[in-house]
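structure30.tsv, holding TSV, N, CA, C and O atoms:
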chain	number	residue	atom	x	y	z
A	1	MET	N	0.80	-1.20	0.00
A	1	MET	CA	0.00	0.00	0.00
A	1	MET	C	0.85	1.27	0.00
A	1	MET	O	0.28	2.35	0.00
A	2	PRO	N	2.17	1.24	-0.04
A	2	PRO	CA	2.95	2.47	-0.02
A	2	PRO	C	2.59	3.45	-1.13
A	2	PRO	O	2.54	4.64	-0.90
A	3	VAL	N	2.32	2.97	-2.34
A	3	VAL	CA	1.96	3.87	-3.43
A	3	VAL	C	0.64	4.57	-3.12
A	3	VAL	O	0.50	5.77	-3.30
A	4	ILE	N	-0.32	3.81	-2.60
A	4	ILE	CA	-1.61	4.40	-2.24
A	4	ILE	C	-1.42	5.44	-1.15
A	4	ILE	O	-2.00	6.52	-1.21
A	5	GLN	N	-0.59	5.14	-0.15
A	5	GLN	CA	-0.36	6.11	0.93
A	5	GLN	C	0.24	7.40	0.38
A	5	GLN	O	-0.20	8.49	0.74
A	6	ASN	N	1.24	7.29	-0.46
A	6	ASN	CA	1.87	8.49	-1.01
A	6	ASN	C	0.92	9.28	-1.88
A	6	ASN	O	0.97	10.50	-1.93
A	7	LYS	N	0.04	8.60	-2.57
A	7	LYS	CA	-0.84	9.24	-3.53
A	7	LYS	C	-2.04	9.93	-2.87
A	7	LYS	O	-2.45	11.00	-3.30
A	8	TYR	N	-2.60	9.32	-1.84
A	8	TYR	CA	-3.85	9.83	-1.26
A	8	TYR	C	-3.72	10.37	0.16
A	8	TYR	O	-4.64	11.01	0.65
A	9	PHE	N	-2.61	10.12	0.79
A	9	PHE	CA	-2.40	10.64	2.14
A	9	PHE	C	-1.21	11.59	2.13
A	9	PHE	O	-0.22	11.40	2.81
A	10	TRP	N	-1.36	12.63	1.30
A	10	TRP	CA	-0.30	13.61	1.12
A	10	TRP	C	0.01	14.38	2.39
A	10	TRP	O	1.08	14.94	2.52
A	11	ASP	N	-0.91	14.37	3.33
A	11	ASP	CA	-0.71	15.10	4.58
A	11	ASP	C	-0.18	14.18	5.68
A	11	ASP	O	-0.23	14.53	6.84
A	12	GLY	N	0.33	13.02	5.29
A	12	GLY	CA	0.88	12.06	6.25
A	12	GLY	C	-0.10	10.94	6.51
A	12	GLY	O	-1.31	11.09	6.30
A	13	SER	N	0.40	9.81	6.94
A	13	SER	CA	-0.48	8.67	7.19
A	13	SER	C	-0.40	8.16	8.62
A	13	SER	O	-1.07	7.21	8.98
A	14	GLU	N	0.41	8.80	9.42
A	14	GLU	CA	0.51	8.38	10.81
A	14	GLU	C	-0.60	9.04	11.63
A	14	GLU	O	-1.01	10.16	11.35
A	15	ASN	N	-1.08	8.32	12.60
A	15	ASN	CA	-2.12	8.81	13.51
A	15	ASN	C	-3.45	9.10	12.82
A	15	ASN	O	-4.24	9.91	13.31
A	16	LEU	N	-3.68	8.49	11.68
A	16	LEU	CA	-4.96	8.65	11.01
A	16	LEU	C	-5.85	7.47	11.38
A	16	LEU	O	-5.41	6.33	11.39
A	17	SER	N	-7.10	7.74	11.66
A	17	SER	CA	-8.03	6.66	11.98
A	17	SER	C	-8.34	5.86	10.72
A	17	SER	O	-8.23	6.35	9.60
A	18	THR	N	-8.73	4.63	10.93
A	18	THR	CA	-9.12	3.78	9.81
A	18	THR	C	-10.29	4.41	9.08
A	18	THR	O	-10.33	4.43	7.85
A	19	ARG	N	-11.24	4.95	9.81
A	19	ARG	CA	-12.40	5.60	9.20
A	19	ARG	C	-11.96	6.73	8.28
A	19	ARG	O	-12.44	6.86	7.15
A	20	PHE	N	-11.03	7.57	8.74
A	20	PHE	CA	-10.55	8.68	7.93
A	20	PHE	C	-9.88	8.18	6.66
A	20	PHE	O	-10.11	8.71	5.57
A	21	LYS	N	-9.03	7.15	6.79
A	21	LYS	CA	-8.33	6.62	5.62
A	21	LYS	C	-9.31	6.06	4.60
A	21	LYS	O	-9.18	6.32	3.40
A	22	VAL	N	-10.30	5.33	5.07
A	22	VAL	CA	-11.29	4.75	4.16
A	22	VAL	C	-12.10	5.86	3.49
A	22	VAL	O	-12.33	5.82	2.28
A	23	GLN	N	-12.50	6.86	4.24
A	23	GLN	CA	-13.24	7.96	3.65
A	23	GLN	C	-12.40	8.68	2.61
A	23	GLN	O	-12.88	8.99	1.52
A	24	ARG	N	-11.14	8.91	2.90
A	24	ARG	CA	-10.25	9.58	1.94
A	24	ARG	C	-10.12	8.74	0.67
A	24	ARG	O	-10.17	9.26	-0.44
A	25	ILE	N	-9.97	7.44	0.83
A	25	ILE	CA	-9.85	6.55	-0.33
A	25	ILE	C	-11.13	6.59	-1.18
A	25	ILE	O	-11.07	6.69	-2.40
A	26	ILE	N	-12.27	6.52	-0.52
A	26	ILE	CA	-13.54	6.55	-1.27
A	26	ILE	C	-13.68	7.88	-2.02
A	26	ILE	O	-14.08	7.91	-3.17
A	27	GLU	N	-13.33	8.97	-1.37
A	27	GLU	CA	-13.54	10.29	-1.96
A	27	GLU	C	-12.53	10.65	-3.04
A	27	GLU	O	-12.88	11.35	-3.99
A	28	TYR	N	-11.29	10.19	-2.92
A	28	TYR	CA	-10.25	10.67	-3.83
A	28	TYR	C	-9.62	9.61	-4.72
A	28	TYR	O	-9.06	9.94	-5.76
A	29	ALA	N	-9.67	8.36	-4.34
A	29	ALA	CA	-8.94	7.33	-5.09
A	29	ALA	C	-9.63	6.97	-6.39
A	29	ALA	O	-10.85	7.05	-6.51
A	30	SER	N	-8.84	6.56	-7.34
A	30	SER	CA	-9.40	5.99	-8.55
A	30	SER	C	-10.10	4.69	-8.14
A	30	SER	O	-9.82	4.13	-7.08
A	31	PHE	N	-11.00	4.20	-8.98
A	31	PHE	CA	-11.71	2.98	-8.63
A	31	PHE	C	-10.74	1.80	-8.44
A	31	PHE	O	-10.84	1.08	-7.44
A	32	PRO	N	-9.76	1.61	-9.33
A	32	PRO	CA	-8.81	0.51	-9.10
A	32	PRO	C	-8.05	0.65	-7.78
A	32	PRO	O	-7.83	-0.34	-7.09
A	33	ASP	N	-7.65	1.87	-7.43
A	33	ASP	CA	-6.96	2.06	-6.16
A	33	ASP	C	-7.89	1.80	-4.98
A	33	ASP	O	-7.47	1.26	-3.96
A	34	MET	N	-9.14	2.19	-5.11
A	34	MET	CA	-10.09	1.97	-4.03
A	34	MET	C	-10.25	0.47	-3.75
A	34	MET	O	-10.21	0.04	-2.60
A	35	ILE	N	-10.42	-0.32	-4.79
A	35	ILE	CA	-10.63	-1.75	-4.56
A	35	ILE	C	-9.33	-2.48	-4.25
A	35	ILE	O	-9.37	-3.63	-3.82
A	36	ASN	N	-8.19	-1.82	-4.41
A	36	ASN	CA	-6.91	-2.41	-4.02
A	36	ASN	C	-6.46	-1.98	-2.64
A	36	ASN	O	-5.44	-2.46	-2.14
A	37	PHE	N	-7.21	-1.09	-2.01
A	37	PHE	CA	-6.94	-0.72	-0.61
A	37	PHE	C	-7.15	-1.98	0.21
A	37	PHE	O	-8.04	-2.78	-0.09
A	38	PRO	N	-6.36	-2.21	1.26
A	38	PRO	CA	-6.51	-3.44	2.05
A	38	PRO	C	-7.97	-3.67	2.47
A	38	PRO	O	-8.57	-2.84	3.15
A	39	PHE	N	-8.51	-4.80	2.06
A	39	PHE	CA	-9.94	-5.07	2.24
A	39	PHE	C	-10.36	-5.07	3.71
A	39	PHE	O	-11.39	-4.50	4.06
A	40	LYS	N	-9.59	-5.72	4.56
A	40	LYS	CA	-9.96	-5.79	5.99
A	40	LYS	C	-10.02	-4.40	6.61
A	40	LYS	O	-10.90	-4.09	7.41
A	41	GLU	N	-9.09	-3.54	6.23
A	41	GLU	CA	-9.10	-2.17	6.74
A	41	GLU	C	-10.30	-1.40	6.19
A	41	GLU	O	-10.96	-0.65	6.91
A	42	PHE	N	-10.61	-1.60	4.91
A	42	PHE	CA	-11.78	-0.97	4.31
A	42	PHE	C	-13.04	-1.42	5.04
A	42	PHE	O	-13.90	-0.61	5.39
A	43	GLN	N	-13.13	-2.72	5.29
A	43	GLN	CA	-14.28	-3.30	5.96
A	43	GLN	C	-14.49	-2.67	7.34
A	43	GLN	O	-15.61	-2.33	7.71
A	44	LYS	N	-13.41	-2.50	8.06
A	44	LYS	CA	-13.49	-1.92	9.41
A	44	LYS	C	-13.86	-0.44	9.35
A	44	LYS	O	-14.68	0.03	10.14
A	45	GLY	N	-13.29	0.30	8.42
A	45	GLY	CA	-13.51	1.74	8.36
A	45	GLY	C	-14.85	2.17	7.81
A	45	GLY	O	-15.36	3.23	8.16
A	46	ILE	N	-15.45	1.36	6.96
A	46	ILE	CA	-16.70	1.74	6.30
A	46	ILE	C	-17.89	1.69	7.25
A	46	ILE	O	-18.91	2.32	7.01
A	47	GLU	N	-17.77	0.96	8.34
A	47	GLU	CA	-18.90	0.73	9.25
A	47	GLU	C	-19.59	2.01	9.68
A	47	GLU	O	-20.81	2.05	9.76
A	48	THR	N	-18.84	3.06	9.99
A	48	THR	CA	-19.44	4.28	10.54
A	48	THR	C	-19.55	5.42	9.52
A	48	THR	O	-19.91	6.54	9.89
A	49	ILE	N	-19.27	5.14	8.27
A	49	ILE	CA	-19.33	6.18	7.24
A	49	ILE	C	-20.73	6.22	6.63
A	49	ILE	O	-21.27	5.19	6.22
A	50	ASP	N	-21.28	7.41	6.55
A	50	ASP	CA	-22.57	7.61	5.89
A	50	ASP	C	-22.27	7.95	4.43
A	50	ASP	O	-21.77	9.05	4.14
A	51	PRO	N	-22.55	7.04	3.50
A	51	PRO	CA	-22.23	7.30	2.10
A	51	PRO	C	-22.85	8.57	1.54
A	51	PRO	O	-22.28	9.20	0.65
A	52	GLU	N	-24.00	8.96	2.05
A	52	GLU	CA	-24.67	10.17	1.55
A	52	GLU	C	-23.86	11.42	1.84
A	52	GLU	O	-24.01	12.44	1.17
A	53	LYS	N	-23.01	11.38	2.86
A	53	LYS	CA	-22.23	12.56	3.25
A	53	LYS	C	-20.84	12.60	2.62
A	53	LYS	O	-20.08	13.52	2.89
A	54	LEU	N	-20.52	11.63	1.79
A	54	LEU	CA	-19.21	11.60	1.15
A	54	LEU	C	-19.11	12.70	0.10
A	54	LEU	O	-20.07	13.01	-0.58
A	55	ARG	N	-17.92	13.26	-0.03
A	55	ARG	CA	-17.66	14.28	-1.05
A	55	ARG	C	-17.07	13.58	-2.27
A	55	ARG	O	-15.86	13.58	-2.49
A	56	THR	N	-17.95	12.96	-3.02
A	56	THR	CA	-17.55	12.23	-4.21
A	56	THR	C	-18.71	12.23	-5.20
A	56	THR	O	-19.77	12.77	-4.90
A	57	SER	N	-18.50	11.61	-6.32
A	57	SER	CA	-19.55	11.60	-7.35
A	57	SER	C	-20.77	10.81	-6.88
A	57	SER	O	-20.69	9.95	-6.02
A	58	GLU	N	-21.89	11.12	-7.49
A	58	GLU	CA	-23.13	10.40	-7.17
A	58	GLU	C	-23.00	8.92	-7.56
A	58	GLU	O	-23.55	8.06	-6.87
A	59	LYS	N	-22.27	8.63	-8.62
A	59	LYS	CA	-22.07	7.23	-9.01
A	59	LYS	C	-21.28	6.48	-7.95
A	59	LYS	O	-21.61	5.34	-7.61
A	60	ARG	N	-20.24	7.10	-7.42
A	60	ARG	CA	-19.44	6.46	-6.37
A	60	ARG	C	-20.27	6.26	-5.11
A	60	ARG	O	-20.22	5.22	-4.48
A	61	LYS	N	-21.05	7.28	-4.74
A	61	LYS	CA	-21.93	7.16	-3.58
A	61	LYS	C	-22.90	6.01	-3.76
A	61	LYS	O	-23.10	5.20	-2.85
A	62	ARG	N	-23.51	5.94	-4.94
A	62	ARG	CA	-24.49	4.89	-5.21
A	62	ARG	C	-23.84	3.50	-5.12
A	62	ARG	O	-24.41	2.58	-4.56
A	63	PHE	N	-22.62	3.38	-5.65
A	63	PHE	CA	-21.90	2.11	-5.56
A	63	PHE	C	-21.66	1.73	-4.10
A	63	PHE	O	-21.90	0.59	-3.70
A	64	VAL	N	-21.20	2.67	-3.29
A	64	VAL	CA	-20.92	2.39	-1.88
A	64	VAL	C	-22.22	2.03	-1.15
A	64	VAL	O	-22.25	1.09	-0.35
A	65	ILE	N	-23.30	2.75	-1.43
A	65	ILE	CA	-24.59	2.46	-0.81
A	65	ILE	C	-25.05	1.05	-1.16
A	65	ILE	O	-25.51	0.30	-0.30
A	66	MET	N	-24.89	0.67	-2.42
A	66	MET	CA	-25.31	-0.66	-2.85
A	66	MET	C	-24.41	-1.75	-2.27
A	66	MET	O	-24.88	-2.84	-1.96
A	67	ALA	N	-23.13	-1.47	-2.12
A	67	ALA	CA	-22.18	-2.46	-1.63
A	67	ALA	C	-22.20	-2.60	-0.10
A	67	ALA	O	-21.93	-3.69	0.42
A	68	LYS	N	-22.52	-1.52	0.60
A	68	LYS	CA	-22.39	-1.50	2.06
A	68	LYS	C	-23.08	-2.66	2.78
A	68	LYS	O	-22.49	-3.23	3.70
A	69	PRO	N	-24.28	-3.08	2.41
A	69	PRO	CA	-24.91	-4.19	3.13
A	69	PRO	C	-24.14	-5.51	3.02
A	69	PRO	O	-24.32	-6.40	3.84
A	70	TYR	N	-23.29	-5.63	2.02
A	70	TYR	CA	-22.57	-6.88	1.78
A	70	TYR	C	-21.12	-6.86	2.29
A	70	TYR	O	-20.46	-7.89	2.30
A	71	ILE	N	-20.62	-5.71	2.66
A	71	ILE	CA	-19.21	-5.58	3.02
A	71	ILE	C	-18.87	-6.38	4.27
A	71	ILE	O	-17.89	-7.12	4.29
A	72	ALA	N	-19.67	-6.26	5.32
A	72	ALA	CA	-19.35	-6.93	6.58
A	72	ALA	C	-19.28	-8.45	6.44
A	72	ALA	O	-18.43	-9.09	7.04
A	73	GLY	N	-20.13	-9.04	5.63
A	73	GLY	CA	-20.16	-10.49	5.51
A	73	GLY	C	-19.34	-11.06	4.37
A	73	GLY	O	-19.48	-12.23	4.03
A	74	SER	N	-18.47	-10.25	3.78
A	74	SER	CA	-17.70	-10.70	2.62
A	74	SER	C	-16.21	-10.73	2.94
A	74	SER	O	-15.75	-10.11	3.88
A	75	GLN	N	-15.49	-11.44	2.10
A	75	GLN	CA	-14.03	-11.57	2.27
A	75	GLN	C	-13.24	-10.84	1.18
A	75	GLN	O	-12.02	-10.76	1.26
A	76	SER	N	-13.95	-10.31	0.17
A	76	SER	CA	-13.25	-9.63	-0.93
A	76	SER	C	-14.25	-8.78	-1.71
A	76	SER	O	-15.47	-8.94	-1.58
A	77	TRP	N	-13.70	-7.89	-2.55
A	77	TRP	CA	-14.55	-7.10	-3.43
A	77	TRP	C	-15.28	-7.99	-4.42
A	77	TRP	O	-16.41	-7.73	-4.78
A	78	GLU	N	-14.62	-9.06	-4.87
A	78	GLU	CA	-15.26	-9.97	-5.83
A	78	GLU	C	-16.52	-10.57	-5.22
A	78	GLU	O	-17.56	-10.65	-5.88
A	79	GLU	N	-16.44	-10.95	-3.95
A	79	GLU	CA	-17.59	-11.53	-3.27
A	79	GLU	C	-18.72	-10.50	-3.13
A	79	GLU	O	-19.89	-10.82	-3.32
A	80	ILE	N	-18.36	-9.27	-2.83
A	80	ILE	CA	-19.37	-8.21	-2.70
A	80	ILE	C	-20.10	-8.01	-4.02
A	80	ILE	O	-21.33	-7.97	-4.06
A	81	VAL	N	-19.36	-7.91	-5.10
A	81	VAL	CA	-19.98	-7.69	-6.41
A	81	VAL	C	-20.85	-8.87	-6.79
A	81	VAL	O	-21.96	-8.68	-7.32
A	82	GLU	N	-20.40	-10.09	-6.52
A	82	GLU	CA	-21.23	-11.26	-6.80
A	82	GLU	C	-22.54	-11.18	-6.05
A	82	GLU	O	-23.61	-11.48	-6.60
A	83	LYS	N	-22.50	-10.79	-4.79
A	83	LYS	CA	-23.72	-10.67	-3.98
A	83	LYS	C	-24.61	-9.55	-4.50
A	83	LYS	O	-25.84	-9.66	-4.47
A	84	MET	N	-24.02	-8.47	-4.98
A	84	MET	CA	-24.80	-7.35	-5.47
A	84	MET	C	-25.57	-7.71	-6.73
A	84	MET	O	-26.70	-7.23	-6.92
A	85	ILE	N	-25.00	-8.53	-7.58
A	85	ILE	CA	-25.69	-8.85	-8.84
A	85	ILE	C	-26.52	-10.13	-8.75
A	85	ILE	O	-27.25	-10.44	-9.68
A	86	ALA	N	-26.43	-10.83	-7.63
A	86	ALA	CA	-27.23	-12.07	-7.47
A	86	ALA	C	-28.67	-11.75	-7.16
A	86	ALA	O	-29.06	-10.72	-6.77
Take the structure in the file and write it out as structure tokens.
Amino acid sequence: MPVIQNKYFWDGSENLSTRFKVQRIIEYASFPDMINFPFKEFQKGIETIDPEKLRTSEKRKRFVIMAKPYIAGSQSWEEIVEKMIA
């Protein structure tokens, strides 16, 4: 994750909460970088984030809203997407 840290945590990555890091990734990362962020950390950080309050595109918000019910019970992004389209 060093490339992701340098790219999206320009203000440093120490002492940042998991929630803050996940929110920053959702708001600023490219889609490939977002899904390559460590999944377990994403899973932990997304729990308290309200997707409606994110400063990102409506498409990204909609994706997070649709994925959120499946994140806690999944082991990967692939599993989440499979559950979303099933």
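Minimum distance to Pro32 (chain A) across A:Thr48, A:Trp77, A:Ala86, A:Ser57 (counting only C-alpha atoms) occurs at A:Trp77.
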Open item on the list: Need the shell around region 19-22 of chain A: protein/DNA/RNA residues with any atom at most 7 Å away, counting all atoms listed in the file. Skip same-chain ones fewer than 3 positions apart. Format as an NGL selection string?
Closed with: :A and (16 or 25-28 or 41-42 or 44-46 or 48-49)
Open item on the list: I'd like the interatomic distance between atom O of Thr18 (chain A) and atom N of Asn36 (chain A), to a tenth of an Å.
Closed with: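 Distance between the two atoms: 13.9 Å.
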Task: Among listed residues A:Tyr8, A:Asn15, A:Gln23, A:Met84, nearest Gln43 (chain A) (using only C-alpha atoms) - done: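 Looking only at the distances to Gln43 (chain A), the closest residue turns out to be A:Gln23.
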Open item on the list: I'd like the interatomic distance between atom O of Ser74 (chain A) and atom C of Phe39 (chain A), to a tenth of an Å.
Closed with: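 Interatomic distance here is 7.4 Å.
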Open item on the list: I need the alpha helix (DSSP H) residues of region 4-54 of chain A per DSSP on the backbone, written as a PyMOL selection string.
Closed with: chain A and resi 4-8+18-28+31-36+39-46
- [ ] Work out how far CA of Arg55 (chain A) is from atom C of Glu82 (chain A), in Å to one decimal.
- [x]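 Rounded to one decimal, the two atoms are 26.4 Å apart.
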Listed atoms of region 40-58 of chain A boxed axis-aligned with 6 Å per side, centre + edges as JSON:
{"center_x": -16.9, "center_y": 4.2, "center_z": 1.5, "size_x": 27.6, "size_y": 32.1, "size_z": 30.1}
Open item on the list: Measuring between all atoms listed in the file, which one of A:Asp33, A:Glu79, A:Asp50, A:Glu14 shows the shortest distance to Ile65 (chain A)?
Closed with: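 Of A:Asp33, A:Glu79, A:Asp50, A:Glu14, the one nearest Ile65 (chain A), counting all atoms listed in the file, is A:Asp50.
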- [ ] Using only C-alpha atoms, find the one residue out of A:Lys59, A:Lys40, A:Lys7, A:Lys68 that sits nearest to Val81 (chain A).
- [x]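 Looking at the shortest contact to Val81 (chain A), the residue is A:Lys68.
Proximity of A:Ile35, A:Phe9, A:Ser17, A:Val64 to Ser76 (chain A), computed with only N, CA, C and O atoms, is greatest for A:Ile35.
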Generate the missing atoms of region 62-73 of chain A up to all heavy atoms and report them as a PDB file, in the coordinates of the input.
ATOM      1  N   ARG A  62     -23.510   5.940  -4.940  1.00  0.00           N
ATOM      2  CA  ARG A  62     -24.490   4.890  -5.210  1.00  0.00           C
ATOM      3  C   ARG A  62     -23.840   3.500  -5.120  1.00  0.00           C
ATOM      4  O   ARG A  62     -24.410   2.580  -4.560  1.00  0.00           O
ATOM      5  CB  ARG A  62     -25.129   5.100  -6.584  1.00  0.00           C
ATOM      6  CG  ARG A  62     -26.328   4.210  -6.829  1.00  0.00           C
ATOM      7  CD  ARG A  62     -27.147   4.589  -8.052  1.00  0.00           C
ATOM      8  NE  ARG A  62     -26.361   4.626  -9.277  1.00  0.00           N
ATOM      9  CZ  ARG A  62     -26.186   5.705 -10.034  1.00  0.00           C
ATOM     10  NH1 ARG A  62     -26.757   6.851  -9.703  1.00  0.00           N
ATOM     11  NH2 ARG A  62     -25.468   5.664 -11.125  1.00  0.00           N
ATOM     12  N   PHE A  63     -22.620   3.380  -5.650  1.00  0.00           N
ATOM     13  CA  PHE A  63     -21.900   2.110  -5.560  1.00  0.00           C
ATOM     14  C   PHE A  63     -21.660   1.730  -4.100  1.00  0.00           C
ATOM     15  O   PHE A  63     -21.900   0.590  -3.700  1.00  0.00           O
ATOM     16  CB  PHE A  63     -20.578   2.177  -6.324  1.00  0.00           C
ATOM     17  CG  PHE A  63     -19.763   0.934  -6.184  1.00  0.00           C
ATOM     18  CD1 PHE A  63     -20.082  -0.199  -6.920  1.00  0.00           C
ATOM     19  CD2 PHE A  63     -18.687   0.879  -5.310  1.00  0.00           C
ATOM     20  CE1 PHE A  63     -19.343  -1.373  -6.778  1.00  0.00           C
ATOM     21  CE2 PHE A  63     -17.949  -0.278  -5.163  1.00  0.00           C
ATOM     22  CZ  PHE A  63     -18.278  -1.408  -5.899  1.00  0.00           C
ATOM     23  N   VAL A  64     -21.200   2.670  -3.290  1.00  0.00           N
ATOM     24  CA  VAL A  64     -20.920   2.390  -1.880  1.00  0.00           C
ATOM     25  C   VAL A  64     -22.220   2.030  -1.150  1.00  0.00           C
ATOM     26  O   VAL A  64     -22.250   1.090  -0.350  1.00  0.00           O
ATOM     27  CB  VAL A  64     -20.195   3.574  -1.203  1.00  0.00           C
ATOM     28  CG1 VAL A  64     -20.076   3.374   0.297  1.00  0.00           C
ATOM     29  CG2 VAL A  64     -18.813   3.762  -1.823  1.00  0.00           C
ATOM     30  N   ILE A  65     -23.300   2.750  -1.430  1.00  0.00           N
ATOM     31  CA  ILE A  65     -24.590   2.460  -0.810  1.00  0.00           C
ATOM     32  C   ILE A  65     -25.050   1.050  -1.160  1.00  0.00           C
ATOM     33  O   ILE A  65     -25.510   0.300  -0.300  1.00  0.00           O
ATOM     34  CB  ILE A  65     -25.648   3.507  -1.216  1.00  0.00           C
ATOM     35  CG1 ILE A  65     -25.331   4.858  -0.560  1.00  0.00           C
ATOM     36  CG2 ILE A  65     -27.056   3.042  -0.866  1.00  0.00           C
ATOM     37  CD1 ILE A  65     -26.093   6.034  -1.139  1.00  0.00           C
ATOM     38  N   MET A  66     -24.890   0.670  -2.420  1.00  0.00           N
ATOM     39  CA  MET A  66     -25.310  -0.660  -2.850  1.00  0.00           C
ATOM     40  C   MET A  66     -24.410  -1.750  -2.270  1.00  0.00           C
ATOM     41  O   MET A  66     -24.880  -2.840  -1.960  1.00  0.00           O
ATOM     42  CB  MET A  66     -25.312  -0.730  -4.384  1.00  0.00           C
ATOM     43  CG  MET A  66     -26.407   0.102  -5.020  1.00  0.00           C
ATOM     44  SD  MET A  66     -26.273   0.195  -6.832  1.00  0.00           S
ATOM     45  CE  MET A  66     -26.405  -1.528  -7.283  1.00  0.00           C
ATOM     46  N   ALA A  67     -23.130  -1.470  -2.120  1.00  0.00           N
ATOM     47  CA  ALA A  67     -22.180  -2.460  -1.630  1.00  0.00           C
ATOM     48  C   ALA A  67     -22.200  -2.600  -0.100  1.00  0.00           C
ATOM     49  O   ALA A  67     -21.930  -3.690   0.420  1.00  0.00           O
ATOM     50  CB  ALA A  67     -20.769  -2.098  -2.078  1.00  0.00           C
ATOM     51  N   LYS A  68     -22.520  -1.520   0.600  1.00  0.00           N
ATOM     52  CA  LYS A  68     -22.390  -1.500   2.060  1.00  0.00           C
ATOM     53  C   LYS A  68     -23.080  -2.660   2.780  1.00  0.00           C
ATOM     54  O   LYS A  68     -22.490  -3.230   3.700  1.00  0.00           O
ATOM     55  CB  LYS A  68     -22.846  -0.151   2.613  1.00  0.00           C
ATOM     56  CG  LYS A  68     -22.357   0.076   4.033  1.00  0.00           C
ATOM     57  CD  LYS A  68     -22.522   1.504   4.485  1.00  0.00           C
ATOM     58  CE  LYS A  68     -22.001   1.629   5.906  1.00  0.00           C
ATOM     59  NZ  LYS A  68     -22.124   2.965   6.419  1.00  0.00           N
ATOM     60  N   PRO A  69     -24.280  -3.080   2.410  1.00  0.00           N
ATOM     61  CA  PRO A  69     -24.910  -4.190   3.130  1.00  0.00           C
ATOM     62  C   PRO A  69     -24.140  -5.510   3.020  1.00  0.00           C
ATOM     63  O   PRO A  69     -24.320  -6.400   3.840  1.00  0.00           O
ATOM     64  CB  PRO A  69     -26.287  -4.332   2.467  1.00  0.00           C
ATOM     65  CG  PRO A  69     -26.528  -3.053   1.766  1.00  0.00           C
ATOM     66  CD  PRO A  69     -25.187  -2.498   1.419  1.00  0.00           C
ATOM     67  N   TYR A  70     -23.290  -5.630   2.020  1.00  0.00           N
ATOM     68  CA  TYR A  70     -22.570  -6.880   1.780  1.00  0.00           C
ATOM     69  C   TYR A  70     -21.120  -6.860   2.290  1.00  0.00           C
ATOM     70  O   TYR A  70     -20.460  -7.890   2.300  1.00  0.00           O
ATOM     71  CB  TYR A  70     -22.564  -7.204   0.286  1.00  0.00           C
ATOM     72  CG  TYR A  70     -23.952  -7.242  -0.293  1.00  0.00           C
ATOM     73  CD1 TYR A  70     -24.399  -6.240  -1.146  1.00  0.00           C
ATOM     74  CD2 TYR A  70     -24.838  -8.258   0.029  1.00  0.00           C
ATOM     75  CE1 TYR A  70     -25.677  -6.261  -1.681  1.00  0.00           C
ATOM     76  CE2 TYR A  70     -26.117  -8.293  -0.494  1.00  0.00           C
ATOM     77  CZ  TYR A  70     -26.527  -7.294  -1.347  1.00  0.00           C
ATOM     78  OH  TYR A  70     -27.800  -7.318  -1.857  1.00  0.00           O
ATOM     79  N   ILE A  71     -20.620  -5.710   2.660  1.00  0.00           N
ATOM     80  CA  ILE A  71     -19.210  -5.580   3.020  1.00  0.00           C
ATOM     81  C   ILE A  71     -18.870  -6.380   4.270  1.00  0.00           C
ATOM     82  O   ILE A  71     -17.890  -7.120   4.290  1.00  0.00           O
ATOM     83  CB  ILE A  71     -18.816  -4.090   3.158  1.00  0.00           C
ATOM     84  CG1 ILE A  71     -18.882  -3.417   1.781  1.00  0.00           C
ATOM     85  CG2 ILE A  71     -17.431  -3.943   3.766  1.00  0.00           C
ATOM     86  CD1 ILE A  71     -18.690  -1.920   1.786  1.00  0.00           C
ATOM     87  N   ALA A  72     -19.670  -6.260   5.320  1.00  0.00           N
ATOM     88  CA  ALA A  72     -19.350  -6.930   6.580  1.00  0.00           C
ATOM     89  C   ALA A  72     -19.280  -8.450   6.440  1.00  0.00           C
ATOM     90  O   ALA A  72     -18.430  -9.090   7.040  1.00  0.00           O
ATOM     91  CB  ALA A  72     -20.371  -6.556   7.656  1.00  0.00           C
ATOM     92  N   GLY A  73     -20.130  -9.040   5.630  1.00  0.00           N
ATOM     93  CA  GLY A  73     -20.160 -10.490   5.510  1.00  0.00           C
ATOM     94  C   GLY A  73     -19.340 -11.060   4.370  1.00  0.00           C
ATOM     95  O   GLY A  73     -19.480 -12.230   4.030  1.00  0.00           O
TER      96      GLY A  73
END
